[in-house]
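Student: Contents of coords-v7.pdb (PDB, C-alpha atoms) are below:
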```pdb
ATOM      1  CA  MET A  28      46.805  62.494  23.152  1.00  0.00           C
ATOM      2  CA  ALA A  29      45.890  63.241  26.723  1.00  0.00           C
ATOM      3  CA  ILE A  30      46.569  61.858  30.162  1.00  0.00           C
ATOM      4  CA  LEU A  31      43.236  60.900  31.681  1.00  0.00           C
ATOM      5  CA  ASN A  32      42.229  60.962  35.324  1.00  0.00           C
ATOM      6  CA  ILE A  33      42.309  57.489  36.905  1.00  0.00           C
ATOM      7  CA  LEU A  34      39.443  56.878  39.327  1.00  0.00           C
ATOM      8  CA  GLN A  35      40.597  55.862  42.806  1.00  0.00           C
ATOM      9  CA  TYR A  36      39.008  53.227  45.028  1.00  0.00           C
ATOM     10  CA  PRO A  37      36.445  53.458  46.642  1.00  0.00           C
ATOM     11  CA  ASN A  38      34.923  55.693  43.918  1.00  0.00           C
ATOM     12  CA  PRO A  39      31.524  54.108  43.137  1.00  0.00           C
ATOM     13  CA  ARG A  40      31.995  54.655  39.371  1.00  0.00           C
ATOM     14  CA  LEU A  41      34.594  51.849  39.465  1.00  0.00           C
ATOM     15  CA  ARG A  42      31.617  49.538  40.111  1.00  0.00           C
ATOM     16  CA  THR A  43      29.918  50.419  36.800  1.00  0.00           C
ATOM     17  CA  THR A  44      29.533  47.576  34.298  1.00  0.00           C
ATOM     18  CA  ALA A  45      31.008  48.606  30.944  1.00  0.00           C
ATOM     19  CA  LEU A  46      28.996  48.365  27.733  1.00  0.00           C
ATOM     20  CA  PRO A  47      30.235  46.666  24.551  1.00  0.00           C
ATOM     21  CA  VAL A  48      31.851  48.802  21.864  1.00  0.00           C
ATOM     22  CA  VAL A  49      29.543  48.823  18.840  1.00  0.00           C
ATOM     23  CA  MET A  50      32.050  50.163  16.326  1.00  0.00           C
ATOM     24  CA  VAL A  51      35.774  50.883  16.475  1.00  0.00           C
ATOM     25  CA  ASP A  52      35.763  54.451  15.194  1.00  0.00           C
ATOM     26  CA  LYS A  53      37.938  57.568  15.604  1.00  0.00           C
ATOM     27  CA  LYS A  54      36.558  58.173  19.085  1.00  0.00           C
ATOM     28  CA  VAL A  55      37.509  54.662  20.262  1.00  0.00           C
ATOM     29  CA  LYS A  56      40.957  54.954  18.648  1.00  0.00           C
ATOM     30  CA  GLN A  57      41.506  58.264  20.446  1.00  0.00           C
ATOM     31  CA  LEU A  58      40.439  56.611  23.702  1.00  0.00           C
ATOM     32  CA  LEU A  59      42.994  53.845  23.082  1.00  0.00           C
ATOM     33  CA  ASN A  60      45.786  56.391  22.512  1.00  0.00           C
ATOM     34  CA  ASP A  61      44.804  58.363  25.621  1.00  0.00           C
ATOM     35  CA  MET A  62      44.593  55.181  27.704  1.00  0.00           C
ATOM     36  CA  PHE A  63      48.060  54.046  26.605  1.00  0.00           C
ATOM     37  CA  GLU A  64      49.510  57.448  27.448  1.00  0.00           C
ATOM     38  CA  THR A  65      47.739  57.416  30.830  1.00  0.00           C
ATOM     39  CA  MET A  66      48.868  53.857  31.642  1.00  0.00           C
ATOM     40  CA  ILE A  67      52.493  54.586  30.749  1.00  0.00           C
ATOM     41  CA  ASP A  68      52.467  57.858  32.693  1.00  0.00           C
ATOM     42  CA  ALA A  69      51.137  55.991  35.746  1.00  0.00           C
ATOM     43  CA  LYS A  70      53.764  53.247  35.304  1.00  0.00           C
ATOM     44  CA  GLY A  71      51.121  50.558  34.873  1.00  0.00           C
ATOM     45  CA  ILE A  72      50.955  47.458  32.707  1.00  0.00           C
ATOM     46  CA  GLY A  73      47.197  47.419  32.103  1.00  0.00           C
ATOM     47  CA  LEU A  74      44.276  49.818  32.122  1.00  0.00           C
ATOM     48  CA  ALA A  75      40.547  49.317  31.635  1.00  0.00           C
ATOM     49  CA  ALA A  76      38.351  52.129  30.302  1.00  0.00           C
ATOM     50  CA  THR A  77      36.226  51.926  33.457  1.00  0.00           C
ATOM     51  CA  GLN A  78      39.235  53.177  35.424  1.00  0.00           C
ATOM     52  CA  VAL A  79      39.238  56.417  33.416  1.00  0.00           C
ATOM     53  CA  ASP A  80      35.447  56.802  33.798  1.00  0.00           C
ATOM     54  CA  VAL A  81      34.623  55.590  30.282  1.00  0.00           C
ATOM     55  CA  HIS A  82      32.220  52.693  30.588  1.00  0.00           C
ATOM     56  CA  GLN A  83      33.025  50.796  27.412  1.00  0.00           C
ATOM     57  CA  ARG A  84      34.619  47.349  27.154  1.00  0.00           C
ATOM     58  CA  VAL A  85      38.121  48.541  26.269  1.00  0.00           C
ATOM     59  CA  ILE A  86      41.456  47.409  27.741  1.00  0.00           C
ATOM     60  CA  VAL A  87      45.017  48.442  26.927  1.00  0.00           C
ATOM     61  CA  MET A  88      48.042  46.552  28.151  1.00  0.00           C
ATOM     62  CA  ASP A  89      51.793  46.460  27.754  1.00  0.00           C
ATOM     63  CA  LEU A  90      53.687  43.859  29.750  1.00  0.00           C
ATOM     64  CA  SER A  91      57.118  44.747  28.327  1.00  0.00           C
ATOM     65  CA  GLU A  92      59.670  46.681  30.359  1.00  0.00           C
ATOM     66  CA  ASP A  93      60.164  49.314  27.634  1.00  0.00           C
ATOM     67  CA  ASN A  94      56.546  49.806  26.472  1.00  0.00           C
ATOM     68  CA  SER A  95      57.338  48.089  23.176  1.00  0.00           C
ATOM     69  CA  ASP A  96      54.462  45.580  23.160  1.00  0.00           C
ATOM     70  CA  PRO A  97      51.152  47.499  23.269  1.00  0.00           C
ATOM     71  CA  GLN A  98      48.088  45.264  23.243  1.00  0.00           C
ATOM     72  CA  VAL A  99      44.443  46.222  22.757  1.00  0.00           C
ATOM     73  CA  PHE A 100      41.422  44.172  23.803  1.00  0.00           C
ATOM     74  CA  ILE A 101      38.004  45.519  22.804  1.00  0.00           C
ATOM     75  CA  ASN A 102      34.933  43.592  24.002  1.00  0.00           C
ATOM     76  CA  PRO A 103      37.203  40.945  25.566  1.00  0.00           C
ATOM     77  CA  GLU A 104      35.950  37.606  26.781  1.00  0.00           C
ATOM     78  CA  ILE A 105      37.909  34.796  28.378  1.00  0.00           C
ATOM     79  CA  GLU A 106      37.492  31.069  28.466  1.00  0.00           C
ATOM     80  CA  VAL A 107      39.334  29.214  31.210  1.00  0.00           C
ATOM     81  CA  LEU A 108      41.409  26.451  29.600  1.00  0.00           C
ATOM     82  CA  ASP A 109      42.755  24.988  32.831  1.00  0.00           C
ATOM     83  CA  GLU A 110      40.998  25.208  36.198  1.00  0.00           C
ATOM     84  CA  ALA A 111      44.354  25.219  38.025  1.00  0.00           C
ATOM     85  CA  THR A 112      44.983  28.542  39.735  1.00  0.00           C
ATOM     86  CA  GLN A 113      48.155  30.354  40.588  1.00  0.00           C
ATOM     87  CA  PRO A 114      48.735  33.085  43.178  1.00  0.00           C
ATOM     88  CA  TYR A 115      50.013  36.447  41.946  1.00  0.00           C
ATOM     89  CA  ASP A 116      50.679  39.645  43.819  1.00  0.00           C
ATOM     90  CA  GLU A 117      48.355  42.124  42.170  1.00  0.00           C
ATOM     91  CA  GLY A 118      48.351  45.877  42.280  1.00  0.00           C
ATOM     92  CA  CYS A 119      46.063  48.364  40.590  1.00  0.00           C
ATOM     93  CA  LEU A 120      46.349  51.907  39.263  1.00  0.00           C
ATOM     94  CA  SER A 121      43.011  52.637  40.978  1.00  0.00           C
ATOM     95  CA  ILE A 122      44.384  51.401  44.317  1.00  0.00           C
ATOM     96  CA  PRO A 123      47.953  52.731  44.241  1.00  0.00           C
ATOM     97  CA  GLY A 124      50.461  51.445  46.753  1.00  0.00           C
ATOM     98  CA  PHE A 125      48.590  48.254  47.653  1.00  0.00           C
ATOM     99  CA  TYR A 126      49.601  44.771  46.530  1.00  0.00           C
ATOM    100  CA  GLU A 127      47.852  41.587  47.610  1.00  0.00           C
ATOM    101  CA  THR A 128      47.966  37.957  46.545  1.00  0.00           C
ATOM    102  CA  VAL A 129      45.049  36.828  44.382  1.00  0.00           C
ATOM    103  CA  GLU A 130      44.455  33.321  42.990  1.00  0.00           C
ATOM    104  CA  ARG A 131      43.345  33.194  39.359  1.00  0.00           C
ATOM    105  CA  PRO A 132      43.216  30.579  36.595  1.00  0.00           C
ATOM    106  CA  CYS A 133      46.637  30.489  34.970  1.00  0.00           C
ATOM    107  CA  HIS A 134      45.640  29.408  31.430  1.00  0.00           C
ATOM    108  CA  VAL A 135      42.901  31.172  29.444  1.00  0.00           C
ATOM    109  CA  MET A 136      41.803  31.897  25.878  1.00  0.00           C
ATOM    110  CA  ILE A 137      41.085  35.557  25.128  1.00  0.00           C
ATOM    111  CA  SER A 138      38.612  36.542  22.396  1.00  0.00           C
ATOM    112  CA  ALA A 139      38.467  40.234  21.519  1.00  0.00           C
ATOM    113  CA  LEU A 140      38.704  42.894  18.835  1.00  0.00           C
ATOM    114  CA  ASP A 141      41.983  44.680  18.160  1.00  0.00           C
ATOM    115  CA  GLY A 142      42.438  48.436  17.695  1.00  0.00           C
ATOM    116  CA  GLU A 143      41.158  48.185  14.119  1.00  0.00           C
ATOM    117  CA  GLY A 144      38.038  46.242  15.092  1.00  0.00           C
ATOM    118  CA  ILE A 145      39.354  42.896  13.817  1.00  0.00           C
ATOM    119  CA  ALA A 146      38.417  39.838  15.879  1.00  0.00           C
ATOM    120  CA  PHE A 147      41.212  37.658  17.259  1.00  0.00           C
ATOM    121  CA  LYS A 148      41.850  34.912  19.776  1.00  0.00           C
ATOM    122  CA  LYS A 149      44.940  34.588  21.917  1.00  0.00           C
ATOM    123  CA  GLU A 150      45.978  31.912  24.360  1.00  0.00           C
ATOM    124  CA  ALA A 151      47.376  33.363  27.563  1.00  0.00           C
ATOM    125  CA  GLU A 152      49.310  31.996  30.517  1.00  0.00           C
ATOM    126  CA  GLY A 153      51.206  33.556  33.402  1.00  0.00           C
ATOM    127  CA  LEU A 154      51.209  37.323  33.729  1.00  0.00           C
ATOM    128  CA  LEU A 155      49.138  37.946  30.582  1.00  0.00           C
ATOM    129  CA  ALA A 156      46.418  35.575  31.836  1.00  0.00           C
ATOM    130  CA  VAL A 157      46.367  37.259  35.245  1.00  0.00           C
ATOM    131  CA  CYS A 158      46.424  40.778  33.815  1.00  0.00           C
ATOM    132  CA  ILE A 159      43.592  40.208  31.326  1.00  0.00           C
ATOM    133  CA  GLN A 160      41.419  38.704  34.076  1.00  0.00           C
ATOM    134  CA  HIS A 161      42.194  41.656  36.362  1.00  0.00           C
ATOM    135  CA  GLU A 162      41.274  44.169  33.635  1.00  0.00           C
ATOM    136  CA  ILE A 163      38.113  42.296  32.570  1.00  0.00           C
ATOM    137  CA  ASP A 164      37.068  42.378  36.224  1.00  0.00           C
ATOM    138  CA  HIS A 165      37.230  46.192  35.986  1.00  0.00           C
ATOM    139  CA  LEU A 166      34.836  46.080  33.023  1.00  0.00           C
ATOM    140  CA  GLU A 167      32.449  44.083  35.224  1.00  0.00           C
ATOM    141  CA  GLY A 168      32.722  46.581  38.102  1.00  0.00           C
ATOM    142  CA  LYS A 169      34.923  44.271  40.157  1.00  0.00           C
ATOM    143  CA  LEU A 170      38.258  45.080  41.829  1.00  0.00           C
ATOM    144  CA  PHE A 171      41.067  42.856  43.076  1.00  0.00           C
ATOM    145  CA  VAL A 172      40.189  43.822  46.655  1.00  0.00           C
ATOM    146  CA  ASP A 173      36.921  41.910  46.165  1.00  0.00           C
ATOM    147  CA  TYR A 174      39.000  38.705  46.311  1.00  0.00           C
ATOM    148  CA  LEU A 175      40.407  39.639  49.720  1.00  0.00           C
ATOM    149  CA  SER A 176      39.002  39.036  53.169  1.00  0.00           C
ATOM    150  CA  PRO A 177      36.470  41.617  54.398  1.00  0.00           C
ATOM    151  CA  LEU A 178      39.009  42.792  57.003  1.00  0.00           C
ATOM    152  CA  LYS A 179      41.801  43.388  54.448  1.00  0.00           C
ATOM    153  CA  ARG A 180      39.330  45.131  52.118  1.00  0.00           C
ATOM    154  CA  GLN A 181      38.117  47.391  54.951  1.00  0.00           C
ATOM    155  CA  ILE A 182      41.703  48.340  55.905  1.00  0.00           C
ATOM    156  CA  ILE A 183      42.569  49.242  52.306  1.00  0.00           C
ATOM    157  CA  ARG A 184      39.308  51.194  51.907  1.00  0.00           C
ATOM    158  CA  LYS A 185      40.032  53.243  55.045  1.00  0.00           C
ATOM    159  CA  LYS A 186      43.603  53.984  53.944  1.00  0.00           C
ATOM    160  CA  MET A 187      42.443  55.016  50.460  1.00  0.00           C
ATOM    161  CA  LYS A 188      39.771  57.322  51.890  1.00  0.00           C
ATOM    162  CA  LYS A 189      42.463  59.056  53.978  1.00  0.00           C
ATOM    163  CA  LYS A 190      44.473  59.742  50.805  1.00  0.00           C
TER     164      LYS A 190
END
```
Would you put the structure from the file into structure tokens?
Tutor:
Amino acid sequence: MAILNILQYPNPRLRTTALPVVMVDKKVKQLLNDMFETMIDAKGIGLAATQVDVHQRVIVMDLSEDNSDPQVFINPEIEVLDEATQPYDEGCLSIPGFYETVERPCHVMISALDGEGIAFKKEAEGLLAVCIQHEIDHLEGKLFVDYLSPLKRQIIRKKMKKK
């Protein structure tokens, strides 16, 4: 396993739309292992392949406090089950040190493949619903700062460029 480099905003490669995974093979499984190691090392709870400059529709996540609940979502899609939204303070491994409130649907159905390539569906609410939407946004080339006002986005961009 290897710790991968996480792209930092405003790197333009974060805006790349990821392509679907055609087959879950050894290469994809290695990517999953490397992404989990990278996410844990960075003290994150979710990571999209786009963030490590691999433009495939792959997400890893672990919302537990002790990294005991690893979850894999390959070619994920969501269906909003309830239009009601809820504000959450979101952060991002590609925009370290910044947290802003974003409104997202709080009840979704996730359809994806697991780490073995087996299709599954999972209903999600709360943090899981927010996190999967955040990570799917990455696969679409979108970042949580895109939900903020132009002024807030500009301030964060300037501060990140200084880093």
Student: For a test of reading the model, state the distance in Å between CA of Thr43 (chain A) and CA of Gln83 (chain A), rounded to one decimal.
Tutor: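 Between CA of Thr43 (chain A) and CA of Gln83 (chain A) the gap works out to 9.9 Å.
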Student: Kindly indicate which residue among A:Ala146, A:Leu154, A:Val172, A:Ala139 lies nearest to Glu127 (chain A), using all atoms listed in the file for the distances.
Tutor: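 Residue with the minimum atom-to-atom distance to Glu127 (chain A): A:Val172.
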Student: In terms of the shortest atom-to-atom distance over only C-alpha atoms, which of A:His134, A:Lys149, A:Arg84, A:Lys186 is closest to Val49 (chain A)?
Tutor: A:Arg84
Student: Near Glu110 (chain A), within 10 Å and counting all atoms listed in the file, which residues show up once chain neighbours fewer than 5 positions away are dropped, as a list in words?
Tutor: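 Once the adjacent positions are removed, what remains is Arg131, Pro132, Cys133, His134 and Val135 of chain A.
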Student: Here is a test: counting all atoms listed in the file, which residue of A:Val99, A:Leu108, A:Ile159, A:Met187 is nearest to Lys56 (chain A)?
Tutor: A:Val99
Student: So which residues get picked by the PyMOL selection byres ((chain A and resi 140) around 9) here, written as a count of residues only?
Tutor: 16
Student: Once you count all atoms listed in the file, which residues end up no further than 12 Å from (45.0, 44.7, 51.6) in the file's frame, shown as an MDAnalysis selection string?
Tutor: chainID A and resid 116:119 122:129 170:187
Student: Name the residues that the PyMOL selection byres ((chain A and resi 31) around 6) picks from the file above, as a list in words, using the file's chain letters and numbers.
Tutor: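 This file, filtered by the PyMOL selection byres ((chain A and resi 31) around 6), leaves Ile30, Asn32 and Thr65 of chain A.
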Student: Got a sec: who's within 9 Å of Ala76 (chain A), counting only C-alpha atoms, leaving out chain neighbours fewer than 4 positions off, as a ChimeraX atom specification?
Tutor: /A:45,58-59,62,80-87,165-166
Student: Give me, as a ChimeraX atom specification, all polymer residues having an atom no more than 10 Å from Asp164 (chain A), counting only C-alpha atoms and skipping those fewer than 3 positions away in the same chain.
Tutor: /A:42,44,75,77,158-161,167-171,173
Student: Name the residues that the PyMOL selection byres ((chain A and resi 33) around 7) picks from the file above, as a count of residues only, using the file's chain letters and numbers.
Tutor: 7
Student: Record the distance separating CA of Glu92 (chain A) and CA of Val107 (chain A), expressed in Å with one decimal.
Tutor: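 Taking CA of Glu92 (chain A) and CA of Val107 (chain A), their separation equals 26.8 Å.
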Student: For a test of reading the model, state the distance in Å between CA of Val55 (chain A) and CA of Ala29 (chain A), rounded to one decimal.
Tutor: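 Separation between CA of Val55 (chain A) and CA of Ala29 (chain A): 13.6 Å.
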Student: Only N, CA and C atoms needed: put region 122-155 of chain A from the block into a file as a CSV table (one decimal), in the first residue's frame.
Tutor:
```csv
chain,number,residue,atom,x,y,z
A,122,ILE,N,-9.0,20.8,0.6
A,122,ILE,CA,-9.1,22.2,1.1
A,122,ILE,C,-8.9,22.2,2.6
A,123,PRO,N,-7.7,21.8,3.0
A,123,PRO,CA,-7.5,21.6,4.5
A,123,PRO,C,-7.6,22.9,5.3
A,124,GLY,N,-8.2,22.7,6.4
A,124,GLY,CA,-8.3,23.9,7.4
A,124,GLY,C,-9.5,24.8,7.2
A,125,PHE,N,-10.3,24.5,6.2
A,125,PHE,CA,-11.5,25.3,5.9
A,125,PHE,C,-12.8,24.4,6.1
A,126,TYR,N,-13.7,25.0,6.8
A,126,TYR,CA,-15.0,24.4,7.1
A,126,TYR,C,-16.1,25.4,6.9
A,127,GLU,N,-17.1,25.0,6.1
A,127,GLU,CA,-18.2,25.9,5.8
A,127,GLU,C,-19.5,25.1,5.8
A,128,THR,N,-20.6,25.8,6.1
A,128,THR,CA,-21.9,25.2,6.1
A,128,THR,C,-22.4,25.1,4.7
A,129,VAL,N,-22.9,23.8,4.4
A,129,VAL,CA,-23.5,23.5,3.1
A,129,VAL,C,-24.8,22.8,3.3
A,130,GLU,N,-25.8,23.2,2.6
A,130,GLU,CA,-27.1,22.5,2.6
A,130,GLU,C,-27.2,21.4,1.6
A,131,ARG,N,-27.5,20.2,2.1
A,131,ARG,CA,-27.7,19.1,1.1
A,131,ARG,C,-28.9,18.3,1.5
A,132,PRO,N,-29.5,17.5,0.6
A,132,PRO,CA,-30.6,16.6,0.9
A,132,PRO,C,-30.1,15.7,2.0
A,133,CYS,N,-31.0,15.4,3.0
A,133,CYS,CA,-30.6,14.6,4.1
A,133,CYS,C,-31.0,13.1,4.1
A,134,HIS,N,-31.6,12.7,3.0
A,134,HIS,CA,-32.1,11.3,2.8
A,134,HIS,C,-31.9,10.9,1.4
A,135,VAL,N,-31.0,10.0,1.1
A,135,VAL,CA,-30.7,9.5,-0.3
A,135,VAL,C,-30.6,8.0,-0.3
A,136,MET,N,-30.7,7.5,-1.5
A,136,MET,CA,-30.5,6.1,-1.8
A,136,MET,C,-29.2,6.0,-2.7
A,137,ILE,N,-28.2,5.2,-2.2
A,137,ILE,CA,-27.0,5.1,-3.0
A,137,ILE,C,-27.0,3.8,-3.7
A,138,SER,N,-26.6,3.8,-5.0
A,138,SER,CA,-26.5,2.6,-5.8
A,138,SER,C,-25.0,2.6,-6.2
A,139,ALA,N,-24.3,1.5,-6.0
A,139,ALA,CA,-22.9,1.4,-6.4
A,139,ALA,C,-22.5,0.0,-6.5
A,140,LEU,N,-21.2,-0.2,-6.8
A,140,LEU,CA,-20.5,-1.5,-6.7
A,140,LEU,C,-19.6,-1.5,-5.5
A,141,ASP,N,-19.5,-2.6,-4.8
A,141,ASP,CA,-18.6,-2.7,-3.7
A,141,ASP,C,-17.1,-3.0,-4.2
A,142,GLY,N,-16.2,-3.3,-3.3
A,142,GLY,CA,-14.8,-3.6,-3.7
A,142,GLY,C,-14.6,-4.9,-4.4
A,143,GLU,N,-15.6,-5.7,-4.5
A,143,GLU,CA,-15.6,-6.9,-5.3
A,143,GLU,C,-16.3,-6.8,-6.6
A,144,GLY,N,-16.9,-5.6,-6.9
A,144,GLY,CA,-17.6,-5.4,-8.1
A,144,GLY,C,-19.1,-5.8,-8.0
A,145,ILE,N,-19.6,-6.1,-6.8
A,145,ILE,CA,-21.0,-6.5,-6.6
A,145,ILE,C,-21.9,-5.3,-6.4
A,146,ALA,N,-23.0,-5.2,-7.2
A,146,ALA,CA,-23.9,-4.1,-7.1
A,146,ALA,C,-24.6,-4.2,-5.7
A,147,PHE,N,-24.9,-3.0,-5.2
A,147,PHE,CA,-25.7,-2.9,-3.9
A,147,PHE,C,-26.4,-1.5,-3.9
A,148,LYS,N,-27.4,-1.5,-3.0
A,148,LYS,CA,-28.1,-0.2,-2.8
A,148,LYS,C,-28.1,0.0,-1.3
A,149,LYS,N,-28.0,1.2,-0.9
A,149,LYS,CA,-27.9,1.5,0.6
A,149,LYS,C,-28.7,2.9,0.8
A,150,GLU,N,-29.6,2.8,1.7
A,150,GLU,CA,-30.3,4.1,2.1
A,150,GLU,C,-29.4,4.8,3.1
A,151,ALA,N,-29.3,6.1,2.9
A,151,ALA,CA,-28.4,6.9,3.8
A,151,ALA,C,-29.1,8.2,4.2
A,152,GLU,N,-28.8,8.5,5.5
A,152,GLU,CA,-29.3,9.7,6.1
A,152,GLU,C,-28.1,10.3,6.9
A,153,GLY,N,-28.3,11.6,7.3
A,153,GLY,CA,-27.3,12.2,8.2
A,153,GLY,C,-25.9,12.3,7.5
A,154,LEU,N,-24.9,12.0,8.3
A,154,LEU,CA,-23.5,12.2,7.9
A,154,LEU,C,-23.2,11.3,6.7
A,155,LEU,N,-23.7,10.1,6.6
A,155,LEU,CA,-23.4,9.3,5.4
A,155,LEU,C,-24.0,9.9,4.2
```
